[in-house]
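Down below is the structure, laid out as structure tokens.
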Amino acid sequence: MSVILYGYRYSVYTRIVRMVLSYKDIAYSYVEMDPFSDEIEPDYFDLHPFARVPVIRNNSFVLYETTAITRYLDEISPPEKLSPKKTERKARMAQIISITDSYGYWPMVRQVFAHRVFRPIEGDQPDENVIAAGRIASQKVCEAIEKLLGEDAFLVGDEITHADLHLAAMMAYFCTASEGRDVLDRCPRLKRWWQMIADHSVLRDSDPGLPIV
């Protein structure tokens with residue numbers, strides 16, 4: 001394999017792919033690509049027609065969209081798989097990922113984290129109304145996931161899956177904000193999971209770091 005990851009350092013979706021690469025012990029090279037830049041190289045549109053991240057290239061095979069990438073990496077790198085064997089658990093994994101993408105990413109990352117944490121770092125003012133709306137929406141998401149959890153160590157069983165990595169990347173940003181920690185305090189099973197996964201090596205090793213002012 002000759003894997004190249006094109007990503008943006010602060011992207012949660014880039015981080016998800018990096019966690020899978022780390023967990024599956026896949027060697028890769030990294031190319032930084034800022035999708036918010038006004039000067040995206042024209043050649044990048046050959047890799048991703050919408051000029052987003054992440055993208056991987058494995059020899060001549062090019063793939064974009066995070067869930068497609070992570071499933072592909074899981075399939076080409078034995079032995080441990082990040083998808084459960086049981087049908088019901090596999091479905092629950094897909095459900096949690098879909099909830100996270102469809103309802104969690106925007107309020108948790110783009111509203112609460114971006115406005116409370118990232119904007120001040122960049123020298124911009126947070127919008128308290130956006131943060132308040134994000135907190136309400138994020139609480140609904142966390143409560144929905146809370147109801148799906150049992151007493152297992154991970155989200156859908158006793159072993160780590162794609163669902164854990166997917167949600168952990170977003171939770172890592174969300175919990176840097178006081179609003180995120182307050183929401184998590186209301187969801188004891190989800191909080192217990194976060195306290196455990198937050199110390200996992202794949203999360204620590206993929207930490208993009210935040211600029212300090």
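Convention: chains lettered A, B, ... in structure tokens order; per-chain residue numbering from 1; ligands numbered from 1 as shown.
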Sorted by chain and rising residue number, which residues of range 11-126 of chain A lie within 10 Å of range 192-212 of chain A, and what are their closest atom pairs and distances in Å to one decimal, counting only C-alpha atoms, as CSV?
residue,atom,partner,partner_atom,distance
A:Ser11,CA,A:Pro208,CA,8.8
A:Val12,CA,A:Pro208,CA,9.4
A:Thr14,CA,A:Ser206,CA,9.5
A:Arg15,CA,A:Ser206,CA,6.2
A:Ile16,CA,A:Ser206,CA,8.6
A:Val17,CA,A:Ser206,CA,9.5
A:Arg18,CA,A:Ser206,CA,6.4
A:Met19,CA,A:Val202,CA,5.3
A:Val20,CA,A:Val202,CA,7.9
A:Leu21,CA,A:Val202,CA,9.0
A:Ser22,CA,A:Val202,CA,6.1
A:Tyr23,CA,A:Val202,CA,6.2
A:Lys24,CA,A:Val202,CA,9.9
A:Val117,CA,A:Leu210,CA,9.4
A:Phe118,CA,A:Leu210,CA,8.2
A:Ile121,CA,A:Pro211,CA,6.9
A:Glu122,CA,A:Pro211,CA,8.4
>> Need the shell around range 94-106 of chain A: protein/DNA/RNA residues with any atom at most 9 Å away, counting only C-alpha atoms. Skip same-chain ones fewer than 2 positions apart. Format as a list in words?
In response: Val12, Thr67, Arg89, Lys90, Ala91, Arg92, Met108, Val109, Arg110, Gln111, Val112, Gly134, Ala137, Ser138, Lys140, Val141, Cys142, Ala144, Ile145, Leu148, Leu155, His162, Ala163, Asp164, His166, Leu167 and Met170 of chain A
> A:Ala169, A:Leu47, A:Ile26, A:Ala114: which is nearest Val130 in chain A, counting only C-alpha atoms?
Replying inline: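 For Val130 in chain A, the nearest of the given residues is A:Ala114.
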Would you mind writing down, as a short mmCIF file (atom, residue, chain, number, x, y, z; two decimals) with C-alpha atoms, in the first residue's frame, each residue of range 130-198 of chain A that DSSP on the backbone assigns to alpha helix (DSSP H)?
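result.cif was written with the following content:
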data_model
loop_
_atom_site.label_atom_id
_atom_site.label_comp_id
_atom_site.auth_asym_id
_atom_site.auth_seq_id
_atom_site.Cartn_x
_atom_site.Cartn_y
_atom_site.Cartn_z
CA VAL A 130 -25.42 30.73 17.93
CA ILE A 131 -23.81 29.08 20.95
CA ALA A 132 -27.14 28.96 22.81
CA ALA A 133 -28.89 27.39 19.83
CA GLY A 134 -26.04 24.91 19.40
CA ARG A 135 -26.20 23.91 23.04
CA ILE A 136 -29.91 23.12 22.82
CA ALA A 137 -29.51 21.08 19.64
CA SER A 138 -26.43 19.30 20.99
CA GLN A 139 -28.24 18.30 24.16
CA LYS A 140 -30.96 16.66 22.09
CA VAL A 141 -28.32 14.72 20.16
CA CYS A 142 -26.47 13.58 23.29
CA GLU A 143 -29.70 12.54 24.98
CA ALA A 144 -30.71 10.53 21.91
CA ILE A 145 -27.39 8.67 21.90
CA GLU A 146 -27.58 8.23 25.68
CA LYS A 147 -30.82 6.27 25.24
CA LEU A 148 -29.09 3.87 22.85
CA HIS A 162 -16.29 3.10 13.75
CA ALA A 163 -19.05 4.68 15.86
CA ASP A 164 -16.64 5.37 18.74
CA LEU A 165 -14.07 7.04 16.51
CA HIS A 166 -16.68 9.05 14.62
CA LEU A 167 -18.34 10.48 17.71
CA ALA A 168 -15.08 10.89 19.65
CA ALA A 169 -13.62 13.26 17.07
CA MET A 170 -16.58 15.60 17.49
CA MET A 171 -16.86 15.15 21.25
CA ALA A 172 -13.21 16.13 21.64
CA TYR A 173 -13.99 19.59 20.25
CA PHE A 174 -17.39 19.87 21.90
CA SER A 178 -18.05 24.68 29.00
CA GLU A 179 -21.42 24.24 27.29
CA GLY A 180 -20.30 20.89 25.95
CA ARG A 181 -19.17 19.68 29.35
CA ASP A 182 -22.46 20.82 30.88
CA VAL A 183 -24.45 18.88 28.30
CA LEU A 184 -22.36 15.77 28.87
CA ASP A 185 -22.94 15.98 32.63
CA PRO A 188 -24.09 9.70 32.58
CA ARG A 189 -23.56 6.73 30.24
CA LEU A 190 -22.27 8.93 27.46
CA LYS A 191 -20.02 10.78 29.92
CA ARG A 192 -18.60 7.49 31.21
CA TRP A 193 -17.86 6.46 27.62
CA TRP A 194 -16.19 9.81 26.90
CA GLN A 195 -13.98 9.63 29.99
CA MET A 196 -12.77 6.24 28.79
CA ILE A 197 -12.33 6.99 25.06
#
>> Need to verify the contact set: Tyr28 in chain A, 8 Å, only C-alpha atoms, exclusion of same-chain residues closer than 3 positions in sequence. Can you return it as number ranges by chain?
In response: A: 2-5, 21
>> With DSSP run on the backbone, what are the strand (DSSP E) residues within range 32-210 of chain A? I'd like them as a list of chain:residue names.
In response: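 DSSP on the backbone gives strand (DSSP E) at A:Glu32, A:Val55, A:Ile56, A:Arg57, A:Asn58, A:Phe61, A:Val62, A:Leu63, A:Tyr64.
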Could the residues in this selection be written to a file with C-alpha atoms, as an mmCIF file, in the first residue's frame?
data_model
loop_
_atom_site.group_PDB
_atom_site.id
_atom_site.type_symbol
_atom_site.label_atom_id
_atom_site.label_comp_id
_atom_site.auth_asym_id
_atom_site.auth_seq_id
_atom_site.Cartn_x
_atom_site.Cartn_y
_atom_site.Cartn_z
ATOM 1 C CA GLU A 32 -2.553 19.514 4.180
ATOM 2 C CA VAL A 55 -9.482 12.286 0.484
ATOM 3 C CA ILE A 56 -7.224 9.252 0.311
ATOM 4 C CA ARG A 57 -5.173 7.903 -2.545
ATOM 5 C CA ASN A 58 -3.923 4.339 -2.373
ATOM 6 C CA PHE A 61 -7.266 4.392 -6.222
ATOM 7 C CA VAL A 62 -8.798 7.686 -5.039
ATOM 8 C CA LEU A 63 -11.642 7.868 -2.530
ATOM 9 C CA TYR A 64 -13.504 10.669 -0.772
#
>> Would you compute the distance between CA of Arg52 in chain A and CA of Ser37 in chain A? Give it in Å to one decimal.
In response: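 Pair CA of Arg52 in chain A / CA of Ser37 in chain A returns 10.7 Å.
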